[in-house]
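Asks: This structure is in structure tokens; I'll ask about it shortly.
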Amino acid sequence: MVKTNKLNVFNDPIYGFIGTPNELIFSLISHPFFQRLRRISQMGMSYMVYPGAHHTRFHHALGSMHLMTKAIHVLRMKGIEITEEEENGLLCAILLHDIGHGPFSHALEGFVLKDLSHEKLSMQFMLELNKQFNGQLETAISIFKGDHPKPFLNQLVSSQLDMDRLDYLKRDSFYSGVTEGNINSERLISMLYVVDGHLVLEEKGIYAVEKFLMARRFMYWQVYLHKTGLVAEQLLVRIMQRARDLLQKGDRLAASEPLLFFLKQNEAVTMDKTILETFARLDDVDILAALKNWQTHDDFVLSKMCSMLLDRRLLHVKIKKQPMDQQKLNEKLQGIIQKYDLSVAEAANFVFQGEISNKAYNQKQQAIYILKKNGKISDVLKESDQLSLKALSKTVTKYYSCYPKEAV
């Protein structure tokens with residue numbers, strides 16, 4: 001009699017029941033490294049704007065794996081060979097593709113571990129898990145690195161039409177309540193095909209691709225780069241930098257052991273098992289607990305920024321096509337310096353500017369190809385009759401300026 005584990009099905013609000021295809025997948029999901037993703041916000045500080053956006057990287061990883069099972073099924077039905085080993089590699093790679101994210105996802109990326117992206121950290125986690133699971137992740141690692149000899153396997157995990165994007169757009173749209181970002185992931189997956197080893201989309205799916213690219217553009221400007229979420233994440237980074245500076249000067253700060261460990265690292269560290277395991281103990285809870293502690297700290301700059309973020313009394317932020325006039329910005333900076341007797345560097349935590357940019361479709365980096373009825377392959381931009389789609393391949397840059405509304 002075959003034993004069944006009743007815990008190997010997850011009830012997802014978007015796709016319904018998501019099963020765990022095999023014992024390895026179930027064991028990976030059960031691993032502490034992966035369970036940590038339950039405590040990592042998918043959309044950083046976006047809940048400051050969209051109250052429902054409290055879903056986690058755990059949700060997203062499972063959803064991406066679910067879509068991968070659908071994609072594998074569709075391609076096999078169309079005669080594309082995917083071996084059992086390759087299937088397992090695809091599922092493990094997409095399941096673990098975001099395991100390297102730190103607290104609040106992109107908000108603190110490159111700060112906690114200096115100059116290390118979440119992709120590089122994901123690779124470190126996968127290498128360590130591969131040791132623990134006796135080499136069962138070799139194919140997954142090859143696919144994740146983009147080294148697999150079958151390019152379409154790599155593209156299913158990382159491309160402009162991968163299972164990662166198909167899930168996060170649909171999921172983030174759902175949880176934020178921004179319906180314009182909703183996409184038909186089922187339709188897109190059903191149109192997948194492989195030509196000369198590369199992933200393409202059948203011509204019938206061109207309107208779904210157009211909707212997908214438009215939705216991606218909308219979600220970036222309306223949600224991911226929303227000015228309120230932007231200023232909240234900027235404050236969070238400045239809080240952590242201030243804490244790091246204070247620790248360097250010998251001040252005492254109440255925080256969890258993993259957070260203190262990384263705040264004390266001011267230079268890039270050499271990754272090893274100890275550092276990886278310490279990073280795996282760090283999540284949103286450490287950051288929120290620190291903010292609650294530091295809002296009563298003796299340092300005015302640190303305590304004020306923490307209370308601003310916790311109470312959502314954020315800085316005023318403007319996003320324009322041109323940078324703010326430097327003289328106006330300097331006037332606001334001088335006002336803060338005089339009012340609170342701060343140094344220029346300290347006041348710069350409350351008055352600053354920067355830029356943001358986005359390109360919804362990168363034609364040079366793994367373009368989306370359409371398989372026409374005559375068997376020819378063509379870039380989606382050439383086949384689309386949607387004029388606005390051409391504009392999506394251009395980088396759009398905007399400039400933000402942040403400063404106190406009246407008094408900090």
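Residue names in the structure tokens use chain letters A, B, ... in the order shown, residue numbers from 1 in each chain, and ligand numbers from 1 in the order shown.
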Skip Met240 (chain A) itself and residues of its chain fewer than 6 positions away, then list as a list in words all residues within 9 Å of it, counting only C-alpha atoms.
Replies: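 Once the nearby chain positions are removed, what remains is Leu108, Phe111, Val112, Leu263, Ile287 and Leu302 of chain A.
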Asks: List every residue of region 156-184 of chain A that has an atom at most 10 Å from any atom of region 63-70 of chain A, and for each one report the closest atom pair and its distance in Å to one decimal, counting only C-alpha atoms, with rows sorted by chain and then by increasing residue number, as CSV.
Replies:
```
residue,atom,partner,partner_atom,distance
A:Leu156,CA,A:Met68,CA,7.6
A:Val157,CA,A:Met68,CA,8.5
A:Asp162,CA,A:Met68,CA,8.9
A:Met163,CA,A:Ser64,CA,5.4
A:Asp164,CA,A:Ser64,CA,5.5
A:Arg165,CA,A:Ser64,CA,8.3
A:Leu166,CA,A:Ser64,CA,7.6
A:Asp167,CA,A:Ser64,CA,5.5
A:Tyr168,CA,A:Ser64,CA,8.0
A:Lys170,CA,A:Gly63,CA,9.8
A:Arg171,CA,A:Gly63,CA,8.3
```
Asks: Determine the nearest neighbour of Gly250 (chain A) from the options A:Lys264, A:Leu381, A:Ile206, A:Pro21, counting only C-alpha atoms.
Replies: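 Ranking A:Lys264, A:Leu381, A:Ile206, A:Pro21 by distance to Gly250 (chain A), first place goes to A:Lys264.
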Asks: Could you give me, as an MDAnalysis selection string, the residues within 7 Å of Thr397 (chain A), counting only C-alpha atoms and dropping anything in the same chain fewer than 6 positions from it?
Replies: chainID A and resid 355:358
Asks: Please produce a file of those selected residues containing C-alpha atoms, as an mmCIF file, in the first residue's frame.
Replies:
```
data_model
loop_
_atom_site.group_PDB
_atom_site.id
_atom_site.type_symbol
_atom_site.label_atom_id
_atom_site.label_comp_id
_atom_site.auth_asym_id
_atom_site.auth_seq_id
_atom_site.Cartn_x
_atom_site.Cartn_y
_atom_site.Cartn_z
ATOM 1 C CA GLU A 355 16.111 58.508 -10.418
ATOM 2 C CA ILE A 356 14.099 55.449 -11.407
ATOM 3 C CA SER A 357 13.834 53.757 -14.789
ATOM 4 C CA ASN A 358 11.971 50.913 -16.417
#
```
Asks: Which residue, A:Val344, A:Leu392, A:Met191, A:Val209, has the smallest gap to Met77 (chain A) when you use only C-alpha atoms?
Replies: A:Met191
Asks: Determine the nearest neighbour of Gly177 (chain A) from the options A:Ser142, A:Gln222, A:Gln155, A:Gln136, counting only C-alpha atoms.
Replies: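 Selected residue with least distance to Gly177 (chain A): A:Gln222.
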Asks: As a PyMOL selection string, please: every residue in region 159-215 of chain A that DSSP puts in helix (DSSP H, G or I).
Replies: chain A and resi 163-176+179-181+185-190+203-215
Asks: Kindly indicate which residue among A:Leu37, A:Val317, A:Ile29, A:Val74 lies nearest to Asp98 (chain A), using only C-alpha atoms for the distances.
Replies: A:Leu37
Asks: I need the residue nearest Gly52 (chain A) from this list: A:Ser401, A:Thr20, A:Ser173, A:Gln338. Use only C-alpha atoms for the distance.
Replies: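 Smallest separation from Gly52 (chain A) among the options: A:Ser173.
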Asks: Which residue is closest to Glu203 (chain A)? Choose from A:Met305, A:Val285, A:Ile377, A:Leu260 and count only C-alpha atoms.
Replies: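 Looking only at the distances to Glu203 (chain A), the closest residue turns out to be A:Ile377.
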Asks: How many Å separate CA of Gln265 (chain A) from CA of Gln248 (chain A)?
Replies: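 Separating CA of Gln265 (chain A) from CA of Gln248 (chain A) is a distance of 9.4 Å.
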